[in-house]
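Student: My structure is in structure-v6.pdb, and what it holds is PDB, C-alpha atoms and all ligand atoms:
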```pdb
MODEL        1
ATOM      1  CA  MET A   1       9.944 -12.258 -16.779
ATOM      2  CA  ASN A   2       8.200 -13.904 -13.837
ATOM      3  CA  ASN A   3       4.644 -14.110 -15.141
ATOM      4  CA  GLU A   4       3.324 -15.960 -12.105
ATOM      5  CA  PHE A   5       4.275 -13.029  -9.870
ATOM      6  CA  LYS A   6       2.883 -10.529 -12.375
ATOM      7  CA  ASP A   7      -0.446 -12.405 -12.349
ATOM      8  CA  LEU A   8      -0.495 -12.169  -8.547
ATOM      9  CA  VAL A   9       0.141  -8.397  -8.702
ATOM     10  CA  LYS A  10      -2.650  -8.065 -11.247
ATOM     11  CA  GLU A  11      -5.097 -10.050  -9.156
ATOM     12  CA  LEU A  12      -4.397  -8.092  -5.966
ATOM     13  CA  THR A  13      -4.443  -4.627  -7.594
ATOM     14  CA  LEU A  14      -7.861  -5.323  -9.102
ATOM     15  CA  VAL A  15      -9.442  -6.093  -5.699
ATOM     16  CA  TRP A  16     -11.692  -3.295  -4.386
ATOM     17  CA  GLY A  17     -10.474  -2.070  -0.962
ATOM     18  CA  PRO A  18     -10.184   1.571   0.086
ATOM     19  CA  THR A  19      -9.059   2.657   3.553
ATOM     20  CA  GLY A  20     -11.299   1.182   6.272
ATOM     21  CA  ARG A  21     -12.949  -1.175   3.754
ATOM     22  CA  GLU A  22     -10.128  -3.674   3.253
ATOM     23  CA  GLY A  23     -12.234  -6.814   3.827
ATOM     24  CA  ARG A  24     -12.160  -8.153   0.278
ATOM     25  CA  ALA A  25      -8.406  -7.750  -0.010
ATOM     26  CA  ALA A  26      -7.942  -9.447   3.371
ATOM     27  CA  GLU A  27     -10.168 -12.354   2.323
ATOM     28  CA  ARG A  28      -8.274 -12.982  -0.900
ATOM     29  CA  ILE A  29      -4.845 -12.651   0.708
ATOM     30  CA  ALA A  30      -5.872 -15.038   3.506
ATOM     31  CA  GLU A  31      -6.810 -17.669   0.892
ATOM     32  CA  LEU A  32      -3.455 -17.227  -0.839
ATOM     33  CA  VAL A  33      -1.264 -17.532   2.276
ATOM     34  CA  ARG A  34      -3.267 -20.149   4.245
ATOM     35  CA  PRO A  35      -1.126 -23.135   3.069
ATOM     36  CA  TYR A  36       2.078 -21.395   4.183
ATOM     37  CA  VAL A  37       1.283 -20.151   7.716
ATOM     38  CA  ASP A  38       0.275 -21.651  11.078
ATOM     39  CA  GLU A  39      -2.350 -19.114  12.105
ATOM     40  CA  ILE A  40      -4.432 -16.327  10.561
ATOM     41  CA  ARG A  41      -6.524 -13.742  12.384
ATOM     42  CA  THR A  42      -8.144 -10.383  11.729
ATOM     43  CA  ASP A  43      -8.168  -7.678  14.408
ATOM     44  CA  ALA A  44     -10.702  -4.953  15.203
ATOM     45  CA  LEU A  45      -9.123  -2.485  12.749
ATOM     46  CA  GLY A  46      -9.191  -4.953   9.865
ATOM     47  CA  ASN A  47      -5.510  -5.924   9.930
ATOM     48  CA  LEU A  48      -4.886  -9.430   8.561
ATOM     49  CA  ILE A  49      -2.262 -11.066  10.805
ATOM     50  CA  CYS A  50      -0.581 -14.259   9.527
ATOM     51  CA  VAL A  51       1.753 -16.115  11.881
ATOM     52  CA  LYS A  52       4.472 -18.620  11.017
ATOM     53  CA  LYS A  53       6.099 -20.040  14.146
ATOM     54  CA  GLY A  54       9.847 -20.244  14.699
ATOM     55  CA  THR A  55      12.015 -21.441  17.583
ATOM     56  CA  SER A  56      14.213 -18.456  18.591
ATOM     57  CA  GLY A  57      11.578 -16.826  20.803
ATOM     58  CA  LYS A  58      11.904 -13.596  18.808
ATOM     59  CA  ARG A  59       9.132 -11.980  16.806
ATOM     60  CA  VAL A  60       9.708 -10.363  13.413
ATOM     61  CA  MET A  61       6.836  -8.283  12.050
ATOM     62  CA  LEU A  62       6.588  -7.983   8.267
ATOM     63  CA  SER A  63       4.009  -5.547   6.910
ATOM     64  CA  ALA A  64       2.442  -4.136   3.758
ATOM     65  CA  HIS A  65      -0.752  -2.094   3.686
ATOM     66  CA  MET A  66      -3.889  -3.389   1.993
ATOM     67  CA  ASP A  67      -5.817  -0.122   1.768
ATOM     68  CA  GLN A  68      -5.966   2.048  -1.343
ATOM     69  CA  ILE A  69      -6.970   5.735  -1.484
ATOM     70  CA  GLY A  70     -10.629   6.528  -2.166
ATOM     71  CA  LEU A  71     -13.418   9.104  -2.358
ATOM     72  CA  ILE A  72     -16.154   9.234   0.317
ATOM     73  CA  VAL A  73     -19.650  10.509  -0.541
ATOM     74  CA  VAL A  74     -20.605  13.536   1.595
ATOM     75  CA  ASP A  75     -23.757  14.734  -0.209
ATOM     76  CA  ILE A  76     -26.240  13.657  -2.871
ATOM     77  CA  ASP A  77     -28.036  16.585  -4.551
ATOM     78  CA  GLU A  78     -31.590  16.750  -5.910
ATOM     79  CA  LYS A  79     -30.372  15.895  -9.431
ATOM     80  CA  GLY A  80     -28.489  12.804  -8.227
ATOM     81  CA  PHE A  81     -24.935  14.200  -8.347
ATOM     82  CA  LEU A  82     -22.586  13.051  -5.549
ATOM     83  CA  ARG A  83     -20.169  15.381  -3.768
ATOM     84  CA  PHE A  84     -17.147  13.725  -2.155
ATOM     85  CA  ALA A  85     -14.153  14.168   0.146
ATOM     86  CA  PRO A  86     -10.763  12.433  -0.035
ATOM     87  CA  VAL A  87      -9.916   9.307   1.982
ATOM     88  CA  GLY A  88      -6.109   9.453   1.918
ATOM     89  CA  GLY A  89      -3.925  11.548  -0.369
ATOM     90  CA  ILE A  90      -6.179  12.197  -3.361
ATOM     91  CA  ASP A  91      -4.670  14.465  -6.034
ATOM     92  CA  PRO A  92      -7.340  16.750  -7.611
ATOM     93  CA  GLU A  93      -5.381  16.860 -10.874
ATOM     94  CA  VAL A  94      -5.901  13.147 -11.541
ATOM     95  CA  THR A  95      -9.454  12.989 -10.171
ATOM     96  CA  VAL A  96     -11.388  14.686 -13.006
ATOM     97  CA  CYS A  97     -12.825  12.527 -15.830
ATOM     98  CA  ARG A  98     -12.239   9.288 -13.947
ATOM     99  CA  GLU A  99     -14.334   6.165 -13.855
ATOM    100  CA  VAL A 100     -15.046   5.237 -10.216
ATOM    101  CA  VAL A 101     -16.505   2.093  -8.648
ATOM    102  CA  PHE A 102     -18.286   1.472  -5.346
ATOM    103  CA  GLU A 103     -18.274  -1.693  -3.247
ATOM    104  CA  ASN A 104     -21.656  -2.838  -4.604
ATOM    105  CA  GLY A 105     -20.416  -2.446  -8.182
ATOM    106  CA  THR A 106     -22.109   0.911  -8.852
ATOM    107  CA  ARG A 107     -20.055   2.811 -11.415
ATOM    108  CA  GLY A 108     -19.828   6.514 -12.084
ATOM    109  CA  VAL A 109     -17.705   9.225 -13.687
ATOM    110  CA  THR A 110     -16.154  12.363 -12.198
ATOM    111  CA  TYR A 111     -16.366  15.887 -13.576
ATOM    112  CA  HIS A 112     -16.175  19.482 -12.296
ATOM    113  CA  GLU A 113     -18.293  22.619 -12.049
ATOM    114  CA  GLU A 114     -17.763  25.026 -14.935
ATOM    115  CA  LYS A 115     -18.906  28.502 -13.960
ATOM    116  CA  THR A 116     -16.950  28.634 -10.671
ATOM    117  CA  LEU A 117     -13.580  27.634 -12.129
ATOM    118  CA  LYS A 118     -12.754  30.464 -14.559
ATOM    119  CA  GLY A 119      -9.885  28.431 -16.044
ATOM    120  CA  ALA A 120      -8.312  27.547 -12.657
ATOM    121  CA  PRO A 121      -7.656  23.875 -11.824
ATOM    122  CA  ALA A 122     -10.644  22.287 -10.062
ATOM    123  CA  LYS A 123     -10.514  21.622  -6.321
ATOM    124  CA  LEU A 124     -12.066  18.411  -5.005
ATOM    125  CA  SER A 125     -14.897  20.511  -3.523
ATOM    126  CA  GLN A 126     -15.729  21.685  -7.071
ATOM    127  CA  MET A 127     -16.021  18.147  -8.430
ATOM    128  CA  PHE A 128     -18.857  15.632  -8.426
ATOM    129  CA  ILE A 129     -19.604  12.030  -9.347
ATOM    130  CA  ASP A 130     -22.300  11.240 -11.918
ATOM    131  CA  ILE A 131     -23.694   7.710 -11.449
ATOM    132  CA  GLY A 132     -26.230   8.009 -14.263
ATOM    133  CA  CYS A 133     -29.232   9.008 -12.142
ATOM    134  CA  SER A 134     -31.539  12.042 -12.513
ATOM    135  CA  THR A 135     -32.873  12.409  -8.954
ATOM    136  CA  ARG A 136     -31.667  12.036  -5.360
ATOM    137  CA  GLU A 137     -34.178   9.246  -4.755
ATOM    138  CA  GLU A 138     -32.895   7.261  -7.728
ATOM    139  CA  ALA A 139     -29.237   7.811  -6.746
ATOM    140  CA  GLU A 140     -29.938   6.727  -3.155
ATOM    141  CA  LYS A 141     -31.012   3.316  -4.426
ATOM    142  CA  HIS A 142     -27.358   2.726  -5.389
ATOM    143  CA  VAL A 143     -25.225   4.886  -3.090
ATOM    144  CA  SER A 144     -25.502   6.375   0.417
ATOM    145  CA  VAL A 145     -23.656   9.233   2.090
ATOM    146  CA  GLY A 146     -20.588   7.613   3.699
ATOM    147  CA  ASP A 147     -20.027   5.105   0.890
ATOM    148  CA  ILE A 148     -16.493   5.045  -0.525
ATOM    149  CA  CYS A 149     -15.458   4.554  -4.159
ATOM    150  CA  VAL A 150     -12.082   4.078  -5.845
ATOM    151  CA  TYR A 151     -10.680   4.858  -9.297
ATOM    152  CA  ALA A 152     -11.847   1.932 -11.453
ATOM    153  CA  PRO A 153      -8.764  -0.285 -11.867
ATOM    154  CA  HIS A 154      -7.211  -1.074 -15.243
ATOM    155  CA  PHE A 155      -4.113  -3.256 -15.239
ATOM    156  CA  ILE A 156      -1.596  -2.357 -17.952
ATOM    157  CA  ASP A 157       1.089  -4.941 -18.761
ATOM    158  CA  MET A 158       4.130  -3.269 -20.338
ATOM    159  CA  GLY A 159       6.405  -6.306 -20.065
ATOM    160  CA  SER A 160       8.862  -5.924 -17.209
ATOM    161  CA  ARG A 161       6.850  -2.946 -15.938
ATOM    162  CA  VAL A 162       3.190  -2.753 -14.986
ATOM    163  CA  ALA A 163       0.726   0.070 -14.284
ATOM    164  CA  CYS A 164      -2.482   0.135 -12.270
ATOM    165  CA  GLY A 165      -4.163   2.073  -9.469
ATOM    166  CA  ALA A 166      -3.588   0.498  -6.039
ATOM    167  CA  LEU A 167      -0.056  -0.696  -6.800
ATOM    168  CA  ASP A 168       0.302   1.379  -3.593
ATOM    169  CA  ASP A 169       0.451  -0.950  -1.781
ATOM    170  CA  ARG A 170      -0.974  -4.155  -3.224
ATOM    171  CA  ILE A 171       2.262  -4.698  -5.143
ATOM    172  CA  CYS A 172       3.942  -5.050  -1.741
ATOM    173  CA  CYS A 173       1.109  -7.293  -0.501
ATOM    174  CA  ALA A 174       2.040  -9.539  -3.443
ATOM    175  CA  ILE A 175       5.712  -9.387  -2.400
ATOM    176  CA  LEU A 176       4.757 -10.359   1.153
ATOM    177  CA  VAL A 177       2.684 -13.315  -0.110
ATOM    178  CA  GLU A 178       5.770 -14.513  -2.036
ATOM    179  CA  VAL A 179       7.958 -14.075   1.053
ATOM    180  CA  LEU A 180       5.566 -16.253   3.097
ATOM    181  CA  LYS A 181       5.700 -19.004   0.466
ATOM    182  CA  LYS A 182       9.493 -19.259   0.692
ATOM    183  CA  ILE A 183      10.576 -18.130   4.145
ATOM    184  CA  ALA A 184      12.298 -20.461   6.636
ATOM    185  CA  SER A 185      13.123 -18.305   9.644
ATOM    186  CA  PRO A 186      14.307 -19.157  13.158
ATOM    187  CA  HIS A 187      11.952 -16.409  14.420
ATOM    188  CA  ASP A 188       8.185 -16.178  14.772
ATOM    189  CA  ILE A 189       7.103 -14.372  11.612
ATOM    190  CA  TYR A 190       4.106 -12.070  11.946
ATOM    191  CA  ALA A 191       3.124 -11.021   8.424
ATOM    192  CA  VAL A 192       0.628  -8.203   8.738
ATOM    193  CA  PHE A 193      -1.426  -6.933   5.828
ATOM    194  CA  THR A 194      -2.343  -3.632   7.431
ATOM    195  CA  SER A 195      -5.440  -1.454   7.214
ATOM    196  CA  GLN A 196      -5.771   2.341   7.143
ATOM    197  CA  GLU A 197      -2.178   3.264   6.246
ATOM    198  CA  GLU A 198      -3.283   6.035   3.914
ATOM    199  CA  VAL A 199      -4.935   8.061   6.690
ATOM    200  CA  GLY A 200      -2.019   7.901   9.139
ATOM    201  CA  LEU A 201      -0.625   4.395   9.717
ATOM    202  CA  ARG A 202      -3.542   3.454  11.953
ATOM    203  CA  GLY A 203      -3.712  -0.294  11.306
ATOM    204  CA  ALA A 204       0.031  -0.696  11.832
ATOM    205  CA  THR A 205      -0.174   1.257  15.082
ATOM    206  CA  ALA A 206      -2.710  -1.228  16.452
ATOM    207  CA  ALA A 207      -1.054  -4.384  15.087
ATOM    208  CA  GLY A 208       2.424  -3.302  16.173
ATOM    209  CA  TYR A 209       1.264  -2.806  19.735
ATOM    210  CA  SER A 210      -0.412  -6.222  19.976
ATOM    211  CA  ILE A 211       2.398  -8.139  18.232
ATOM    212  CA  ASP A 212       5.152  -6.369  20.211
ATOM    213  CA  PRO A 213       7.898  -7.270  17.683
ATOM    214  CA  ASP A 214      11.665  -7.462  18.225
ATOM    215  CA  PHE A 215      12.237  -6.235  14.681
ATOM    216  CA  ALA A 216       9.917  -4.882  11.988
ATOM    217  CA  ILE A 217      10.337  -4.927   8.216
ATOM    218  CA  ASN A 218       7.821  -2.800   6.325
ATOM    219  CA  LEU A 219       7.194  -2.882   2.581
ATOM    220  CA  ASP A 220       5.747   0.037   0.646
ATOM    221  CA  VAL A 221       6.045   1.914  -2.607
ATOM    222  CA  THR A 222       8.228   5.007  -2.814
ATOM    223  CA  ALA A 223       8.665   7.712  -5.426
ATOM    224  CA  SER A 224      10.749   6.941  -8.516
ATOM    225  CA  ALA A 225      12.657  10.091  -9.387
ATOM    226  CA  ASP A 226      13.500   9.202 -12.970
ATOM    227  CA  THR A 227      10.808  10.973 -14.999
ATOM    228  CA  PRO A 228      11.215  14.273 -16.921
ATOM    229  CA  GLU A 229      11.772  17.304 -14.652
ATOM    230  CA  CYS A 230      10.749  15.483 -11.455
ATOM    231  CA  ASP A 231      11.902  16.374  -7.921
ATOM    232  CA  ALA A 232      15.472  15.324  -7.143
ATOM    233  CA  MET A 233      15.593  12.068  -5.113
ATOM    234  CA  PRO A 234      17.942   9.089  -5.418
ATOM    235  CA  MET A 235      15.368   6.411  -6.365
ATOM    236  CA  ALA A 236      14.914   4.986  -9.885
ATOM    237  CA  MET A 237      12.976   2.066 -11.335
ATOM    238  CA  GLY A 238      14.917  -1.102 -12.083
ATOM    239  CA  GLU A 239      17.680  -0.299  -9.585
ATOM    240  CA  GLY A 240      16.438  -2.817  -7.008
ATOM    241  CA  PRO A 241      14.517  -2.682  -3.728
ATOM    242  CA  THR A 242      15.397   0.289  -1.538
ATOM    243  CA  VAL A 243      17.067   0.775   1.810
ATOM    244  CA  LYS A 244      14.941   3.581   3.241
ATOM    245  CA  TYR A 245      16.908   6.267   5.099
ATOM    246  CA  MET A 246      14.122   8.758   5.669
ATOM    247  CA  ASP A 247      10.605   9.882   4.802
ATOM    248  CA  ARG A 248       8.084  12.151   6.532
ATOM    249  CA  SER A 249       7.213   9.463   9.104
ATOM    250  CA  ALA A 250      10.655   8.235  10.171
ATOM    251  CA  VAL A 251      14.418   8.633  10.116
ATOM    252  CA  MET A 252      15.796   5.101  10.109
ATOM    253  CA  THR A 253      18.417   4.438  12.816
ATOM    254  CA  LYS A 254      22.050   3.668  12.020
ATOM    255  CA  PRO A 255      22.077   0.050  13.361
ATOM    256  CA  VAL A 256      19.050  -0.777  11.212
ATOM    257  CA  ILE A 257      20.566   0.796   8.074
ATOM    258  CA  ASP A 258      23.856  -1.051   8.723
ATOM    259  CA  PHE A 259      21.938  -4.329   9.164
ATOM    260  CA  MET A 260      20.136  -3.833   5.844
ATOM    261  CA  HIS A 261      23.335  -3.162   3.910
ATOM    262  CA  ALA A 262      25.142  -6.084   5.575
ATOM    263  CA  VAL A 263      22.357  -8.546   4.671
ATOM    264  CA  ALA A 264      22.134  -7.237   1.093
ATOM    265  CA  GLU A 265      25.893  -7.603   0.661
ATOM    266  CA  LYS A 266      25.992 -11.099   2.187
ATOM    267  CA  HIS A 267      23.308 -12.329  -0.227
ATOM    268  CA  GLY A 268      24.438 -10.366  -3.281
ATOM    269  CA  ILE A 269      21.166  -8.441  -3.469
ATOM    270  CA  LYS A 270      21.272  -5.197  -5.462
ATOM    271  CA  THR A 271      19.656  -2.354  -3.506
ATOM    272  CA  GLN A 272      19.403   1.425  -3.832
ATOM    273  CA  ASN A 273      19.218   4.061  -1.112
ATOM    274  CA  GLU A 274      15.936   5.872  -0.520
ATOM    275  CA  VAL A 275      15.293   9.379   0.776
ATOM    276  CA  LEU A 276      11.614  10.215   0.233
ATOM    277  CA  LEU A 277      10.742  13.920   0.443
ATOM    278  CA  TYR A 278       7.027  13.418   1.077
ATOM    279  CA  GLY A 279       4.726  10.740   2.485
ATOM    280  CA  GLY A 280       5.236   8.221   5.257
ATOM    281  CA  THR A 281       4.804   4.518   5.807
ATOM    282  CA  ASP A 282       3.870   1.934   8.459
ATOM    283  CA  ALA A 283       7.465   1.649   9.744
ATOM    284  CA  GLY A 284       6.965   5.155  11.137
ATOM    285  CA  ALA A 285       4.299   3.779  13.487
ATOM    286  CA  ILE A 286       6.418   0.837  14.722
ATOM    287  CA  GLN A 287       9.699   2.675  15.351
ATOM    288  CA  PRO A 288       8.536   4.923  18.280
ATOM    289  CA  MET A 289       6.189   2.279  19.756
ATOM    290  CA  ARG A 290       6.500   0.734  23.262
ATOM    291  CA  GLY A 291       9.749   2.534  24.143
ATOM    292  CA  GLY A 292      11.139   2.196  20.622
ATOM    293  CA  ARG A 293      11.753  -0.733  18.260
ATOM    294  CA  PRO A 294      14.211  -1.384  15.424
ATOM    295  CA  ALA A 295      12.161  -0.942  12.263
ATOM    296  CA  CYS A 296      13.151  -0.734   8.620
ATOM    297  CA  CYS A 297      11.451  -0.203   5.304
ATOM    298  CA  VAL A 298      12.116  -1.758   1.917
ATOM    299  CA  SER A 299      10.393   0.131  -0.889
ATOM    300  CA  VAL A 300       9.609  -0.420  -4.546
ATOM    301  CA  ALA A 301      10.380   2.664  -6.679
ATOM    302  CA  THR A 302       7.042   3.563  -8.262
ATOM    303  CA  ARG A 303       6.091   6.321 -10.704
ATOM    304  CA  TYR A 304       2.870   8.366 -10.521
ATOM    305  CA  ILE A 305       1.963   7.298  -6.957
ATOM    306  CA  HIS A 306      -1.674   7.963  -5.954
ATOM    307  CA  SER A 307      -2.787   8.067  -9.588
ATOM    308  CA  PRO A 308      -4.717   5.390 -11.535
ATOM    309  CA  VAL A 309      -1.530   4.594 -13.486
ATOM    310  CA  GLU A 310       0.993   3.864 -10.729
ATOM    311  CA  THR A 311       3.919   2.180 -12.513
ATOM    312  CA  ALA A 312       6.492  -0.225 -11.087
ATOM    313  CA  ASP A 313       9.129  -2.734 -12.180
ATOM    314  CA  ILE A 314       8.605  -6.467 -11.584
ATOM    315  CA  GLY A 315      12.349  -7.086 -11.211
ATOM    316  CA  ASP A 316      12.480  -4.642  -8.278
ATOM    317  CA  CYS A 317       9.679  -6.624  -6.624
ATOM    318  CA  LEU A 318      11.465  -9.958  -7.018
ATOM    319  CA  GLY A 319      14.560  -8.342  -5.501
ATOM    320  CA  ALA A 320      12.415  -7.186  -2.584
ATOM    321  CA  VAL A 321      11.164 -10.770  -2.015
ATOM    322  CA  ASP A 322      14.773 -11.981  -1.682
ATOM    323  CA  PHE A 323      15.817  -9.005   0.459
ATOM    324  CA  VAL A 324      12.957  -9.178   2.974
ATOM    325  CA  ARG A 325      13.279 -12.927   3.248
ATOM    326  CA  ALA A 326      17.047 -12.734   3.820
ATOM    327  CA  MET A 327      16.638 -10.129   6.589
ATOM    328  CA  ALA A 328      13.838 -12.040   8.327
ATOM    329  CA  GLU A 329      15.885 -15.254   8.229
ATOM    330  CA  GLU A 330      18.979 -13.681   9.860
ATOM    331  CA  THR A 331      19.725 -15.186  13.289
ATOM    332  CA  GLU A 332      21.224 -11.929  14.645
ATOM    333  CA  LEU A 333      18.681  -9.137  14.376
ATOM    334  CA  PRO A 334      19.450  -5.462  15.130
ATOM    335  CA  ALA A 335      19.932  -5.346  18.924
ATOM    336  CA  PHE A 336      17.931  -3.264  21.396
ATOM    337  CA  GLU A 337      17.151  -3.199  25.144
ATOM    338  CA  ARG A 338      13.535  -3.753  26.121
TER     339      ARG A 338
HETATM  340 CO    CO A 401      -0.157   5.681  -0.489
HETATM  341 ZN    ZN A 402       1.665   3.083   0.493
ENDMDL
END
```
Show me this structure written as structure tokens.

Tutor:
Amino acid sequence: MNNEFKDLVKELTLVWGPTGREGRAAERIAELVRPYVDEIRTDALGNLICVKKGTSGKRVMLSAHMDQIGLIVVDIDEKGFLRFAPVGGIDPEVTVCREVVFENGTRGVTYHEEKTLKGAPAKLSQMFIDIGCSTREEAEKHVSVGDICVYAPHFIDMGSRVACGALDDRICCAILVEVLKKIASPHDIYAVFTSQEEVGLRGATAAGYSIDPDFAINLDVTASADTPECDAMPMAMGEGPTVKYMDRSAVMTKPVIDFMHAVAEKHGIKTQNEVLLYGGTDAGAIQPMRGGRPACCVSVATRYIHSPVETADIGDCLGAVDFVRAMAEETELPAFER
């Protein structure tokens, strides 16, 4: 097993960085990729844009989102309990009895009202965060309305598979770091570690417009439909990086799908086809942009997405490194008329 890559995944999944507050993740990733790129900048939305110059005159945008889902404080009551709202797709079922952590290190635990539930599952509006304070004044010394917290991360090493919160999408940030270390492309490579994916692909929308790519390769997690009684989808862990056909944000075009399969075959890379029934990804923001661009997505089949125990396979990630690199190094990219 590639322990060096696993260590990188661990390091990046433990970094605090919910949607709109990706600065720490961007800082760490910038340090990691600096030796391998010609230029690094951050834009107004918090996207980290890393450029490696080529000679073909074409621009290939690679992307993976840095943000993780979080909880935003909307009220602090007189006894010091915090009420919150979701930032991104927060599942109420996995949000009770969690440890949470704020940017300044303040820790708390989540629980729910009792009298109002009558045995029904708790809604987010019936939950609260307890940060160990007895009054509003005391709580306000640690946390303000508008502060965001995340599920406290715990990295679980199961050998070839790992579990942690924020594998969505830091595991793909790690893949993109590896790609930058190895890539030798004729094209200008714009590796973008995007912000605000979880609230509607907002970072990618901004970065895509400014970069104006000829081809875009996005990396994200996707569902892994190989657990007991789960929804029927073709993806399974350990079967390789995916060729995405469709999700809620995009239907990939035929020339792009054909390109992906041709590159995988040429390089002997094992892939699996992906049809995701729910959720979207940054490629969905690039595809309809500026009159339309060829955009694809390579995903890592991941179990329990948007929970604190997101689980993925390291071998699938290493396959994704090879696959993304091979596509971005191709001289002939999927054609389109500007
Ligand atoms: Co997500
Ligand atoms: Zn994601």

Student: So which one's closest to ligand CO 401 (chain A), A:Ala236, A:Leu167, A:Ala320, A:Leu8? Using all atoms listed in the file, please.

Tutor: A:Leu167

Student: May I ask which of the residues A:Ala122, A:Ala44, A:Ala223, A:Val192 is the closest one to ligand CO 401 (chain A), counting all atoms listed in the file?

Tutor: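 Among the listed residues, A:Ala223 lies closest to ligand CO 401 (chain A).
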
Student: Could you list the residues chosen by the PyMOL selection byres (((chain A and resi 285) around 9) and not hetatm) in this structure as a list in words?

Tutor: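 Written out, the selection comes to Gly200, Leu201, Arg202, Ala204, Thr205, Gly208, Ser249, Ala250, Thr281, Asp282, Ala283, Gly284, Ile286, Gln287, Pro288 and Met289 of chain A.
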
Student: Pick out the residues no farther than 6 Å from ligand ZN 402 (chain A), counting all atoms listed in the file, and list them as a VMD selection string.

Tutor: chain A and resid 168 to 169 220 to 221

Student: Starting from the displayed file, determine the output of the PyMOL selection byres (((not hetatm)) within 10 of (chain A and resi 401)) and express the residue list as a PyMOL selection string.

Tutor: chain A and resi 65+67-69+88-90+166-169+197-199+220-222+279-281+305-307

Student: Of the candidates A:Pro234, A:Pro153, A:Gly203, A:Gly17, which shows the shortest atom-to-atom distance to A:Leu45, using all atoms listed in the file?

Tutor: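 Among A:Pro234, A:Pro153, A:Gly203, A:Gly17, it is A:Gly203 that comes nearest to A:Leu45.
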
Student: Please write the residues picked by the PyMOL selection byres (((chain A and resi 100) around 7) and not hetatm) on this file as a PDB file with C-alpha atoms, in the frame of the given file.

Tutor:
```pdb
ATOM      1  CA  ARG A  98     -12.239   9.288 -13.947  1.00  0.00           C
ATOM      2  CA  GLU A  99     -14.334   6.165 -13.855  1.00  0.00           C
ATOM      3  CA  VAL A 101     -16.505   2.093  -8.648  1.00  0.00           C
ATOM      4  CA  PHE A 102     -18.286   1.472  -5.346  1.00  0.00           C
ATOM      5  CA  ARG A 107     -20.055   2.811 -11.415  1.00  0.00           C
ATOM      6  CA  GLY A 108     -19.828   6.514 -12.084  1.00  0.00           C
ATOM      7  CA  VAL A 109     -17.705   9.225 -13.687  1.00  0.00           C
ATOM      8  CA  CYS A 149     -15.458   4.554  -4.159  1.00  0.00           C
ATOM      9  CA  VAL A 150     -12.082   4.078  -5.845  1.00  0.00           C
ATOM     10  CA  TYR A 151     -10.680   4.858  -9.297  1.00  0.00           C
ATOM     11  CA  ALA A 152     -11.847   1.932 -11.453  1.00  0.00           C
TER      12      ALA A 152
END
```

Student: Set up a box along x, y and z of the file covering all listed atoms of stretch 64-70 of chain A, add 6 Å on every one of the six sides, and write the centre and edge lengths in Å to one decimal, as lines of an AutoDock Vina configuration file.

Tutor:
```
center_x = -4.1
center_y = 1.2
center_z = 0.8
size_x = 25.1
size_y = 22.7
size_z = 17.9
```

Student: Return the single residue from A:Met246, A:Thr253, A:Cys297, A:Gly240 that is closest to A:Gln272, with distances computed using all atoms listed in the file.

Tutor: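 Answer, going by the shortest atom-to-atom distance: A:Gly240.
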
Student: Dig up all the protein and nucleic acid residues within 10 Å of (18.7, -4.8, 8.7) in the file frame, using all atoms listed in the file, and format them as JSON, numbers by chain.

Tutor: {"A": [215, 216, 217, 243, 254, 255, 256, 257, 258, 259, 260, 261, 262, 263, 264, 294, 295, 296, 297, 298, 323, 324, 326, 327, 328, 330, 332, 333, 334]}

Student: Counting all atoms listed in the file, find residues at most 12 Å from (-26.4, 14.9, -0.5) (file frame) and give them as a PyMOL selection string.

Tutor: chain A and resi 72-84+128-129+135-137+139-140+143-147

Student: With 12 Å as the cut-off and all atoms listed in the file counted, what is the closest atom pair between each nearby residue of stretch 2-100 of chain A and stretch 176-185 of chain A? Distances in Å to one decimal, ordered by chain and number, as a Markdown table.

Tutor:
```
| residue | atom | partner | partner_atom | distance |
| --- | --- | --- | --- | --- |
| A:Glu4 | CA | A:Glu178 | CA | 10.5 |
| A:Phe5 | CA | A:Glu178 | CA | 8.1 |
| A:Lys6 | CA | A:Glu178 | CA | 11.4 |
| A:Leu8 | CA | A:Val177 | CA | 9.1 |
| A:Val9 | CA | A:Val177 | CA | 10.2 |
| A:Leu12 | CA | A:Val177 | CA | 10.6 |
| A:Ala26 | CA | A:Val177 | CA | 11.8 |
| A:Arg28 | CA | A:Val177 | CA | 11.0 |
| A:Ile29 | CA | A:Val177 | CA | 7.6 |
| A:Ala30 | CA | A:Val177 | CA | 9.4 |
| A:Glu31 | CA | A:Val177 | CA | 10.5 |
| A:Leu32 | CA | A:Val177 | CA | 7.3 |
| A:Val33 | CA | A:Val177 | CA | 6.3 |
| A:Arg34 | CA | A:Leu180 | CA | 9.7 |
| A:Pro35 | CA | A:Lys181 | CA | 8.4 |
| A:Tyr36 | CA | A:Lys181 | CA | 5.7 |
| A:Val37 | CA | A:Leu180 | CA | 7.4 |
| A:Asp38 | CA | A:Leu180 | CA | 11.0 |
| A:Ile49 | CA | A:Leu176 | CA | 12.0 |
| A:Cys50 | CA | A:Leu180 | CA | 9.1 |
| A:Val51 | CA | A:Leu180 | CA | 9.6 |
| A:Lys52 | CA | A:Leu180 | CA | 8.3 |
| A:Lys53 | CA | A:Ser185 | CA | 8.5 |
| A:Gly54 | CA | A:Ser185 | CA | 6.3 |
| A:Thr55 | CA | A:Ser185 | CA | 8.6 |
| A:Ser56 | CA | A:Ser185 | CA | 9.0 |
| A:Gly57 | CA | A:Ser185 | CA | 11.4 |
| A:Lys58 | CA | A:Ser185 | CA | 10.4 |
| A:Arg59 | CA | A:Ser185 | CA | 10.4 |
| A:Val60 | CA | A:Ser185 | CA | 9.4 |
| A:Met61 | CA | A:Leu176 | CA | 11.3 |
| A:Leu62 | CA | A:Leu176 | CA | 7.7 |
| A:Ser63 | CA | A:Leu176 | CA | 7.5 |
| A:Ala64 | CA | A:Leu176 | CA | 7.1 |
| A:His65 | CA | A:Leu176 | CA | 10.3 |
| A:Met66 | CA | A:Leu176 | CA | 11.1 |
```
